[in-house]
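For reference, the structure discussed in these notes is given below.
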Amino acid sequence: MYKFVSVLCSALLLSYVLARPQDVRGGSVTTTTTPASIIQQDNVNNADGSFNSSYETSNGIRVENVGFLKKIIIPKSETSDGQVIDEHEELVLVQTGSFSYSDPEGNLITLRYTADENGFQPEGDHLPVAPQ
């Protein structure tokens, strides 16, 4: 019995070693772990709730973000328990901005976005386009 358990454990160990993902070596993709430092940074916060911030790092990452409060009209609605909520105004935060970086192949990737009452709306040449 001991011999059978020993052979079974050896077989399981061998199958585990052979099934593990192999290291990819010799590929053209390289990465770096060199720390990046912030070389430029601006932050402006206004009393009305609006703001503007940006920064750039030594490895070429750039981020810009602008935000402001916007009044929207919420239409009259009814909750599931029958309570009627009259039409009213609410403030929502609108943010627009962009960020860019170089991918491992050296291509510049830029993403522009708006985030408002309609959700997060990204735009960029690298993003897939939905069929029409």
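Starting from 1 in every chain, residues are counted up; chains themselves are A, B, ... following the order of the structure tokens, and ligands are numbered from 1 as listed.
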Go through segment 67-129 of chain A and flag each residue having an atom no more than 7 Å from segment 42-60 of chain A; for those, report the closest pair of atoms plus their distance in Å to one decimal, using only C-alpha atoms, ordered by chain and rising number, as CSV.
```
residue,atom,partner,partner_atom,distance
A:Gly67,CA,A:Phe51,CA,5.2
A:Phe68,CA,A:Ser50,CA,4.1
A:Leu69,CA,A:Gly49,CA,6.5
A:Tyr101,CA,A:Gly60,CA,6.1
```
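Every protein, DNA or RNA residue with an atom at most 9 Å from Gly124 of chain A, where only C-alpha atoms count and chain neighbours fewer than 4 positions away do not, is listed here: Ile109, Thr110, Leu111, Arg112, Tyr113 and Pro128 of chain A.
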Same residues, N, CA and C atoms, output as a PDB file, in the first residue's frame:
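The resulting file, part_37.pdb, is shown below:
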```pdb
ATOM      1  N   ILE A 109      -0.590  55.482 -26.235  1.00  0.00           N
ATOM      2  CA  ILE A 109      -2.010  55.190 -26.006  1.00  0.00           C
ATOM      3  C   ILE A 109      -2.607  56.404 -25.311  1.00  0.00           C
ATOM      4  N   THR A 110      -3.680  56.963 -25.890  1.00  0.00           N
ATOM      5  CA  THR A 110      -4.362  58.107 -25.290  1.00  0.00           C
ATOM      6  C   THR A 110      -5.835  57.774 -25.148  1.00  0.00           C
ATOM      7  N   LEU A 111      -6.347  57.984 -23.955  1.00  0.00           N
ATOM      8  CA  LEU A 111      -7.757  57.766 -23.679  1.00  0.00           C
ATOM      9  C   LEU A 111      -8.353  59.095 -23.225  1.00  0.00           C
ATOM     10  N   ARG A 112      -9.416  59.535 -23.908  1.00  0.00           N
ATOM     11  CA  ARG A 112     -10.168  60.728 -23.514  1.00  0.00           C
ATOM     12  C   ARG A 112     -11.503  60.243 -22.954  1.00  0.00           C
ATOM     13  N   TYR A 113     -12.053  60.957 -21.989  1.00  0.00           N
ATOM     14  CA  TYR A 113     -13.290  60.487 -21.397  1.00  0.00           C
ATOM     15  C   TYR A 113     -14.150  61.623 -20.888  1.00  0.00           C
ATOM     16  N   PRO A 128     -11.976  49.278 -29.270  1.00  0.00           N
ATOM     17  CA  PRO A 128     -12.791  48.702 -30.337  1.00  0.00           C
ATOM     18  C   PRO A 128     -14.018  49.556 -30.596  1.00  0.00           C
TER      19      PRO A 128
END
```
query: In segment 70-116 of chain A, what's strand (DSSP E) per DSSP? Answer as a ChimeraX atom specification?
result: /A:70-74,77-78,84-85,88-102,108-116
Just write the chosen residues, N, CA, C and O atoms, as a compact mmCIF listing (two decimals), in the first residue's frame.
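After the write, result-v6.txt holds the following:
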```
# COMPACT_ATOMS: atom_id res chain seq x y z
N LYS A 70 -23.10 70.05 -12.29
CA LYS A 70 -24.08 70.39 -13.31
C LYS A 70 -25.47 70.07 -12.78
O LYS A 70 -25.68 69.00 -12.19
N LYS A 71 -26.42 71.00 -12.97
CA LYS A 71 -27.80 70.75 -12.57
C LYS A 71 -28.50 69.96 -13.66
O LYS A 71 -28.41 70.29 -14.85
N ILE A 72 -29.18 68.90 -13.25
CA ILE A 72 -30.00 68.14 -14.19
C ILE A 72 -31.40 68.03 -13.62
O ILE A 72 -31.61 68.15 -12.42
N ILE A 73 -32.36 67.82 -14.49
CA ILE A 73 -33.75 67.67 -14.07
C ILE A 73 -34.08 66.19 -14.02
O ILE A 73 -33.89 65.46 -15.00
N ILE A 74 -34.54 65.75 -12.87
CA ILE A 74 -34.97 64.37 -12.69
C ILE A 74 -36.48 64.34 -12.93
O ILE A 74 -37.24 65.05 -12.25
N SER A 77 -41.41 60.51 -11.12
CA SER A 77 -41.36 59.05 -11.16
C SER A 77 -42.17 58.47 -10.00
O SER A 77 -42.62 59.19 -9.11
N GLU A 78 -42.34 57.17 -10.04
CA GLU A 78 -43.07 56.46 -9.00
C GLU A 78 -42.23 55.28 -8.53
O GLU A 78 -41.70 54.53 -9.35
N VAL A 84 -44.95 58.72 -5.17
CA VAL A 84 -44.69 59.57 -6.33
C VAL A 84 -43.60 60.57 -5.95
O VAL A 84 -43.66 61.24 -4.92
N ILE A 85 -42.59 60.65 -6.80
CA ILE A 85 -41.51 61.62 -6.61
C ILE A 85 -41.66 62.66 -7.71
O ILE A 85 -41.57 62.32 -8.90
N HIS A 88 -37.68 67.19 -10.11
CA HIS A 88 -36.82 68.04 -9.29
C HIS A 88 -35.43 68.14 -9.91
O HIS A 88 -35.10 67.39 -10.84
N GLU A 89 -34.65 69.09 -9.42
CA GLU A 89 -33.27 69.27 -9.89
C GLU A 89 -32.31 68.58 -8.94
O GLU A 89 -32.54 68.54 -7.73
N GLU A 90 -31.23 68.05 -9.50
CA GLU A 90 -30.15 67.50 -8.71
C GLU A 90 -28.83 67.94 -9.33
O GLU A 90 -28.76 68.21 -10.52
N LEU A 91 -27.81 67.98 -8.50
CA LEU A 91 -26.46 68.27 -8.99
C LEU A 91 -25.73 66.96 -9.25
O LEU A 91 -25.79 66.03 -8.45
N VAL A 92 -25.07 66.90 -10.39
CA VAL A 92 -24.22 65.74 -10.70
C VAL A 92 -22.82 66.26 -10.98
O VAL A 92 -22.63 67.38 -11.46
N LEU A 93 -21.84 65.44 -10.68
CA LEU A 93 -20.45 65.78 -10.98
C LEU A 93 -20.14 65.33 -12.40
O LEU A 93 -20.37 64.18 -12.76
N VAL A 94 -19.65 66.25 -13.20
CA VAL A 94 -19.21 65.95 -14.56
C VAL A 94 -17.69 66.00 -14.57
O VAL A 94 -17.11 66.98 -14.10
N GLN A 95 -17.06 64.95 -15.07
CA GLN A 95 -15.62 64.94 -15.19
C GLN A 95 -15.24 64.67 -16.63
O GLN A 95 -15.83 63.80 -17.28
N THR A 96 -14.30 65.43 -17.13
CA THR A 96 -13.73 65.19 -18.45
C THR A 96 -12.23 65.14 -18.29
O THR A 96 -11.67 65.75 -17.37
N GLY A 97 -11.59 64.42 -19.16
CA GLY A 97 -10.14 64.37 -19.05
C GLY A 97 -9.52 63.40 -20.02
O GLY A 97 -10.19 62.88 -20.93
N SER A 98 -8.26 63.12 -19.77
CA SER A 98 -7.53 62.19 -20.62
C SER A 98 -6.32 61.66 -19.86
O SER A 98 -5.88 62.26 -18.88
N PHE A 99 -5.83 60.53 -20.33
CA PHE A 99 -4.53 60.07 -19.87
C PHE A 99 -3.85 59.38 -21.03
O PHE A 99 -4.48 58.87 -21.94
N SER A 100 -2.54 59.44 -21.02
CA SER A 100 -1.76 58.82 -22.09
C SER A 100 -0.52 58.17 -21.50
O SER A 100 0.00 58.60 -20.47
N TYR A 101 -0.08 57.13 -22.18
CA TYR A 101 1.10 56.38 -21.76
C TYR A 101 1.61 55.60 -22.97
O TYR A 101 0.90 55.46 -23.98
N SER A 102 2.80 55.07 -22.88
CA SER A 102 3.36 54.22 -23.94
C SER A 102 3.16 52.77 -23.55
O SER A 102 3.48 52.38 -22.42
N LEU A 108 2.05 55.13 -28.39
CA LEU A 108 1.40 56.07 -27.48
C LEU A 108 -0.09 55.74 -27.42
O LEU A 108 -0.78 55.72 -28.44
N ILE A 109 -0.59 55.48 -26.24
CA ILE A 109 -2.01 55.19 -26.01
C ILE A 109 -2.61 56.40 -25.31
O ILE A 109 -2.11 56.84 -24.28
N THR A 110 -3.68 56.96 -25.89
CA THR A 110 -4.36 58.11 -25.29
C THR A 110 -5.84 57.77 -25.15
O THR A 110 -6.47 57.32 -26.09
N LEU A 111 -6.35 57.98 -23.95
CA LEU A 111 -7.76 57.77 -23.68
C LEU A 111 -8.35 59.09 -23.23
O LEU A 111 -7.83 59.72 -22.32
N ARG A 112 -9.42 59.53 -23.91
CA ARG A 112 -10.17 60.73 -23.51
C ARG A 112 -11.50 60.24 -22.95
O ARG A 112 -12.03 59.23 -23.41
N TYR A 113 -12.05 60.96 -21.99
CA TYR A 113 -13.29 60.49 -21.40
C TYR A 113 -14.15 61.62 -20.89
O TYR A 113 -13.69 62.72 -20.63
N THR A 114 -15.43 61.32 -20.77
CA THR A 114 -16.40 62.14 -20.07
C THR A 114 -17.15 61.20 -19.14
O THR A 114 -17.50 60.08 -19.52
N ALA A 115 -17.36 61.65 -17.92
CA ALA A 115 -18.16 60.89 -16.96
C ALA A 115 -19.21 61.85 -16.40
O ALA A 115 -18.86 62.88 -15.84
N ASP A 116 -20.48 61.53 -16.64
CA ASP A 116 -21.56 62.41 -16.20
C ASP A 116 -22.80 61.58 -15.89
O ASP A 116 -22.68 60.39 -15.61
```
